[in-house]
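Text of input04.csv (CSV, C-alpha atoms) as supplied:
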```
chain,number,residue,atom,x,y,z
A,93,MET,CA,59.4,224.0,81.8
A,94,LYS,CA,57.7,224.2,85.2
A,95,VAL,CA,59.7,224.1,88.4
A,96,VAL,CA,58.2,223.5,91.8
A,97,GLY,CA,59.9,223.2,95.1
A,98,THR,CA,58.8,221.8,98.5
A,99,THR,CA,60.0,223.4,101.7
A,100,LYS,CA,61.0,221.5,104.8
A,101,ASP,CA,57.6,222.2,106.4
A,102,ARG,CA,55.9,220.7,103.2
A,103,ARG,CA,54.8,223.9,101.5
A,104,LYS,CA,54.8,224.1,97.7
A,105,VAL,CA,56.8,227.0,96.2
A,106,TYR,CA,57.0,227.9,92.5
A,107,LEU,CA,60.6,228.4,91.5
A,108,PRO,CA,62.2,230.2,88.6
A,109,ALA,CA,61.9,228.4,85.3
A,110,THR,CA,64.8,230.0,83.5
A,111,LEU,CA,68.4,230.9,84.5
A,112,ASP,CA,67.8,234.6,83.9
A,113,GLU,CA,64.9,234.5,86.4
A,114,TYR,CA,66.9,232.4,88.8
A,115,TYR,CA,69.9,234.8,88.9
A,116,ARG,CA,67.7,237.9,89.1
A,117,GLY,CA,67.4,237.4,92.9
A,118,THR,CA,69.6,236.0,95.7
A,119,ALA,CA,70.1,232.2,95.2
A,120,LYS,CA,70.2,231.6,98.9
A,121,ARG,CA,66.5,232.6,99.1
A,122,PHE,CA,65.7,229.0,98.2
A,123,ALA,CA,67.9,227.5,100.9
A,124,HIS,CA,64.7,226.2,102.7
A,125,ILE,CA,63.8,224.0,99.7
A,126,ASP,CA,64.5,220.2,100.2
A,127,ARG,CA,62.7,218.9,97.1
A,128,ILE,CA,62.5,220.2,93.6
A,129,GLN,CA,60.4,218.9,90.7
A,130,ILE,CA,61.1,220.0,87.1
A,131,ASP,CA,58.4,219.1,84.5
A,132,TYR,CA,59.7,219.5,80.9
A,133,GLU,CA,57.4,220.3,78.0
A,134,PRO,CA,57.7,218.5,74.6
A,135,GLU,CA,59.1,221.7,73.1
A,136,ASP,CA,62.0,221.6,75.5
A,137,PHE,CA,63.5,218.7,73.5
A,138,SER,CA,64.3,218.1,69.8
A,139,ASP,CA,62.5,214.7,69.9
A,140,GLY,CA,59.9,215.4,72.6
A,141,SER,CA,61.5,213.7,75.6
A,142,PHE,CA,64.8,212.7,77.3
A,143,GLU,CA,67.5,211.3,75.1
A,144,VAL,CA,69.3,208.5,76.9
A,145,MET,CA,72.5,206.9,75.6
A,146,GLY,CA,75.1,204.9,77.5
A,147,GLY,CA,74.0,206.0,80.9
A,148,VAL,CA,73.9,209.7,79.9
A,149,VAL,CA,70.7,211.7,79.7
A,150,ALA,CA,70.7,214.6,77.3
A,151,ALA,CA,68.6,217.6,78.2
A,152,ASP,CA,68.8,221.2,79.5
A,153,PHE,CA,69.9,220.7,83.1
A,154,SER,CA,71.5,224.2,83.4
A,155,LEU,CA,68.8,225.4,85.9
A,156,LEU,CA,69.2,222.3,88.0
A,157,ARG,CA,73.0,222.6,88.0
A,158,ALA,CA,72.7,226.2,89.2
A,159,PHE,CA,70.3,225.3,91.9
A,160,LEU,CA,72.5,222.4,93.1
A,161,ALA,CA,75.6,224.6,93.1
A,162,ASP,CA,74.1,227.2,95.3
A,163,HIS,CA,72.5,224.8,97.9
A,164,GLU,CA,74.5,222.6,100.2
A,165,GLY,CA,71.6,220.9,101.9
A,166,ALA,CA,70.2,217.5,101.0
A,167,LEU,CA,67.9,217.7,98.0
A,168,PHE,CA,65.4,215.3,96.4
A,169,VAL,CA,65.0,215.9,92.7
A,170,CYS,CA,62.3,214.7,90.3
A,171,LEU,CA,62.6,215.2,86.5
A,172,SER,CA,59.7,214.3,84.3
A,173,ALA,CA,59.0,214.4,80.6
A,174,LEU,CA,56.1,212.7,78.8
A,175,GLY,CA,55.8,210.0,81.4
A,176,SER,CA,59.5,209.4,81.8
A,177,VAL,CA,60.6,210.1,85.4
A,178,ILE,CA,64.1,210.4,86.9
A,179,GLU,CA,64.4,210.6,90.6
A,180,LEU,CA,67.6,211.4,92.3
A,181,PHE,CA,68.8,212.2,95.8
A,182,PHE,CA,71.7,214.6,96.4
A,183,PRO,CA,73.3,214.4,99.9
A,184,ALA,CA,74.3,217.5,101.8
A,185,TYR,CA,77.8,218.7,101.8
A,186,PHE,CA,79.8,221.5,103.4
A,187,TYR,CA,81.9,224.0,101.4
A,188,GLY,CA,84.1,226.4,103.4
A,189,PHE,CA,87.6,227.7,103.8
A,190,VAL,CA,90.5,226.9,106.1
A,191,GLU,CA,93.1,229.5,106.9
A,192,ASP,CA,96.8,228.4,106.8
A,193,THR,CA,98.4,231.1,108.9
A,194,PHE,CA,102.0,229.8,108.3
A,195,ALA,CA,101.6,229.9,104.5
A,196,ARG,CA,99.4,233.0,104.7
A,197,ALA,CA,96.9,231.3,102.5
A,198,ILE,CA,93.3,230.2,102.5
A,199,HIS,CA,92.4,226.7,101.3
A,200,HIS,CA,89.0,225.5,100.1
A,201,LYS,CA,87.4,222.8,102.2
A,202,ILE,CA,84.7,220.4,101.1
A,203,GLU,CA,83.1,217.8,103.4
A,204,GLY,CA,80.5,215.2,102.5
A,205,PRO,CA,79.7,213.2,99.4
A,206,GLY,CA,77.1,215.6,98.2
A,207,PHE,CA,79.5,217.6,96.1
A,208,ALA,CA,80.7,214.6,94.1
A,209,CYS,CA,77.0,213.7,93.3
A,210,ARG,CA,76.4,217.2,92.1
A,211,GLU,CA,79.3,217.0,89.7
A,212,CYS,CA,77.4,214.4,87.8
A,213,VAL,CA,75.0,217.1,86.5
A,214,GLY,CA,76.2,219.1,83.6
A,215,LYS,CA,74.5,221.9,81.8
A,216,ARG,CA,73.4,219.6,79.0
A,217,GLU,CA,73.9,216.1,80.3
A,218,LEU,CA,73.1,214.0,83.4
A,219,ARG,CA,75.7,211.3,83.9
A,220,LEU,CA,73.7,208.6,85.7
A,221,ARG,CA,76.3,205.8,85.6
A,222,GLU,CA,78.8,208.2,87.2
A,223,TYR,CA,76.2,209.0,89.9
A,224,ASP,CA,75.4,205.3,90.5
A,225,ARG,CA,79.1,204.6,91.1
A,226,LEU,CA,79.1,207.0,94.0
A,227,LEU,CA,76.9,204.8,96.2
A,228,ARG,CA,79.9,203.2,98.0
A,229,LEU,CA,81.2,206.7,98.9
A,230,VAL,CA,77.8,207.9,100.1
A,231,GLY,CA,77.0,204.7,101.9
A,232,GLU,CA,80.2,204.7,103.9
A,233,ASP,CA,80.0,208.3,104.8
A,234,GLU,CA,76.3,208.7,105.4
A,235,PRO,CA,74.3,205.4,105.3
A,236,LYS,CA,70.9,207.3,105.7
A,237,GLU,CA,71.6,209.3,102.6
A,238,GLY,CA,72.7,206.1,100.8
A,239,ILE,CA,69.3,204.7,101.5
A,240,TRP,CA,67.5,207.6,99.8
A,241,MET,CA,70.0,207.4,96.9
A,242,ALA,CA,69.2,203.7,96.4
A,243,LEU,CA,65.5,204.0,96.7
A,244,SER,CA,65.3,207.0,94.3
A,245,ARG,CA,67.3,205.2,91.6
A,246,LEU,CA,65.6,201.8,92.0
A,247,ARG,CA,62.1,203.3,91.8
A,248,SER,CA,62.9,205.2,88.6
A,249,PRO,CA,65.6,203.0,87.0
A,250,VAL,CA,66.3,205.1,83.9
A,251,ALA,CA,69.6,203.9,82.4
A,252,LEU,CA,70.2,201.8,85.5
A,253,ALA,CA,72.8,199.1,84.8
A,254,GLU,CA,72.1,195.6,86.2
A,255,ALA,CA,75.3,195.7,88.3
A,256,HIS,CA,74.2,199.0,89.9
A,257,ARG,CA,70.7,197.7,90.5
A,258,MET,CA,72.1,194.7,92.4
A,259,GLN,CA,74.5,197.0,94.3
A,260,TYR,CA,71.6,199.3,95.4
A,261,GLN,CA,69.4,196.3,96.4
A,262,ASP,CA,72.3,194.7,98.4
A,263,PHE,CA,72.9,198.0,100.2
A,264,LEU,CA,69.2,198.2,101.2
A,265,GLN,CA,69.2,194.6,102.4
A,266,GLN,CA,72.3,195.2,104.5
A,267,HIS,CA,70.8,198.3,106.0
A,268,ASP,CA,67.1,197.2,106.2
A,269,ARG,CA,66.7,198.2,109.8
A,270,LEU,CA,68.0,201.7,109.1
A,271,ALA,CA,66.0,201.9,106.0
A,272,LEU,CA,62.7,201.2,107.9
A,273,SER,CA,63.6,203.8,110.6
A,274,VAL,CA,64.3,206.4,107.9
A,275,LEU,CA,61.0,205.7,106.2
A,276,ALA,CA,59.2,205.9,109.5
A,277,GLU,CA,60.6,209.4,110.0
A,278,THR,CA,59.2,210.6,106.6
A,279,PRO,CA,55.7,208.9,106.2
A,280,GLU,CA,54.7,211.3,103.4
A,281,MET,CA,57.4,209.6,101.2
A,282,GLY,CA,57.7,206.3,103.1
A,283,MET,CA,54.6,204.5,101.8
A,284,ALA,CA,55.7,204.2,98.1
A,285,ALA,CA,59.3,203.3,99.2
A,286,LEU,CA,58.1,200.7,101.6
A,287,THR,CA,55.9,199.2,99.0
A,288,TYR,CA,59.0,198.8,96.8
A,289,LEU,CA,61.0,197.2,99.6
A,290,THR,CA,58.3,194.6,100.3
A,291,GLU,CA,57.6,193.8,96.7
A,292,GLU,CA,61.3,193.2,96.1
A,293,LYS,CA,61.5,191.2,99.4
A,294,LEU,CA,64.4,193.3,100.7
A,295,LEU,CA,63.4,193.3,104.4
A,296,SER,CA,64.3,190.7,107.0
A,297,ASP,CA,61.7,189.5,109.6
A,298,GLU,CA,63.9,190.8,112.4
A,299,ALA,CA,63.9,194.4,110.9
A,300,VAL,CA,60.1,194.3,110.4
A,301,ALA,CA,59.5,193.0,114.0
A,302,GLU,CA,61.7,195.9,115.4
A,303,ILE,CA,60.0,198.7,113.5
A,304,LEU,CA,56.3,197.6,113.9
A,305,PRO,CA,55.9,198.9,117.6
A,306,LEU,CA,57.4,202.3,116.6
A,307,LEU,CA,55.0,202.6,113.7
A,308,SER,CA,52.1,201.6,115.8
A,309,GLU,CA,53.0,204.1,118.5
A,310,HIS,CA,53.1,206.9,115.9
A,311,ARG,CA,49.9,205.7,114.3
A,312,GLN,CA,51.3,205.0,110.9
A,313,ALA,CA,48.5,202.6,110.0
A,314,GLY,CA,49.3,202.4,106.3
A,315,MET,CA,52.9,201.3,106.9
A,316,VAL,CA,51.8,198.9,109.6
A,317,ALA,CA,49.3,197.3,107.2
A,318,ILE,CA,52.0,196.9,104.5
A,319,LEU,CA,54.5,195.3,106.9
A,320,LEU,CA,51.9,192.9,108.5
A,321,SER,CA,50.9,191.7,105.0
A,322,TYR,CA,54.6,191.3,104.1
A,323,ARG,CA,55.3,189.3,107.3
A,324,GLN,CA,52.3,187.0,106.6
A,325,GLN,CA,53.6,186.3,103.1
A,326,THR,CA,57.2,185.5,104.3
A,327,GLN,CA,55.8,183.2,107.0
A,328,LYS,CA,53.7,181.4,104.4
A,329,ARG,CA,56.7,180.9,102.1
A,330,ARG,CA,58.7,179.6,105.0
A,331,ARG,CA,56.0,177.0,105.9
A,332,LEU,CA,55.8,175.9,102.3
A,333,VAL,CA,59.5,175.4,102.1
A,334,ILE,CA,59.5,173.3,105.3
```
Target format structure tokens, applied to this file:
Amino acid sequence: MKVVGTTKDRRKVYLPATLDEYYRGTAKRFAHIDRIQIDYEPEDFSDGSFEVMGGVVAADFSLLRAFLADHEGALFVCLSALGSVIELFFPAYFYGFVEDTFARAIHHKIEGPGFACRECVGKRELRLREYDRLLRLVGEDEPKEGIWMALSRLRSPVALAEAHRMQYQDFLQQHDRLALSVLAETPEMGMAALTYLTEEKLLSDEAVAEILPLLSEHRQAGMVAILLSYRQQTQKRRRLVI
């Protein structure tokens, strides 16, 4: 197993590949990581790759679970094994304490949907259907994070039920303006996601018209080219229908 992280300033960092190595130091030393990729080797599985059944992926996720438990920030995760890829986005959350002076007690306090998403990762299983059902919670609380959640699952639809696929796509269509602005802020990840949005025809003409000046201003030529081609295609279809 090889584990690589990416920092917020886009530097690659090799991370511990075992739990023993992970716990040998201070877990918070990885707090600056916002992306993690875990590449499994064939010997990591009994049959050489992920075992998927009923929306549950069986594998050793103990290291990922430990990492997620110790880091409250937003995190992109990519798991790969013999060409099979699972991409997930885990929103940020806050874990703290509130003092109740009258009861002379201290209560745990959890804010944000990121904690619920992390609970879908067990030591030996990844419950994707449970994760997919959390879109409504994430989208209502943090629409931006819901967009990354939807794009991650749609672009690597391992064990993605048709009902959840439609739910994710409907969410992106309803928030197409926000989706484009989010992608414009992260061009290093935005190109592939934008290609998916245009291929699936999830963008309105109004959303495209609004974002094009901003992309041109920031010299995002690749994104501009994709959207201009998409707009031409939609205009041609409209003329043919007429």
Please list as a PyMOL selection string every residue within 9 Å of Val274 of chain A, counting all atoms listed in the file and excluding residues in the same chain fewer than 3 positions away.
chain A and resi 236+239-240+269-271+277-278+282
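When atom CA of His267 of chain A is paired with atom CA of Glu179 of chain A, their separation reads 20.7 Å.
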Just how far from atom CA of Leu264 of chain A is atom CA of Val177 of chain A, in Å to one decimal?
21.6 Å
Hey, which bits of segment 104-193 of chain A sit within 6 Å of segment 206-218 of chain A, and for each residue what's the closest pair of atoms and how far apart in Å (one decimal), counting all atoms listed in the file, rows by chain and increasing number, as a tab-separated table?
```
residue	atom	partner	partner_atom	distance
A:Val148	CA	A:Leu218	CA	5.6
A:Val149	CA	A:Leu218	CA	5.0
A:Ala150	CA	A:Glu217	CA	4.6
A:Ala151	CA	A:Arg216	CA	5.3
A:Asp152	CA	A:Arg216	CA	4.9
A:Phe153	CA	A:Lys215	CA	4.9
A:Ser154	CA	A:Lys215	CA	4.1
A:Phe182	CA	A:Gly206	CA	5.8
A:Pro183	CA	A:Gly206	CA	4.3
A:Ala184	CA	A:Gly206	CA	4.9
A:Tyr185	CA	A:Gly206	CA	4.8
```
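Between Asp233 of chain A and the candidates A:His163, A:His256, A:Leu306, A:Pro205, the tightest atom-to-atom separation, counting all atoms listed in the file, involves A:Pro205.
For the choices A:Leu226, A:Leu319, A:Leu220, A:Leu107, the atom-to-atom distance to Gly238 of chain A is smallest for A:Leu226 when using only C-alpha atoms.
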Contacts of Leu304 of chain A at 12 Å (all atoms listed in the file; same-chain gap of 4+ positions) as a count of residues only:
24
Mind listing whatever residues come within 12 Å of the point (60.5, 228.0, 101.9)? Use all atoms listed in the file, file coordinates, and give them as a PyMOL selection string.
chain A and resi 96-107+120-128
Around (75.2, 203.1, 89.6) in the file's frame, which residues reach within 7 Å when counting all atoms listed in the file? Return as a count of residues only?
9
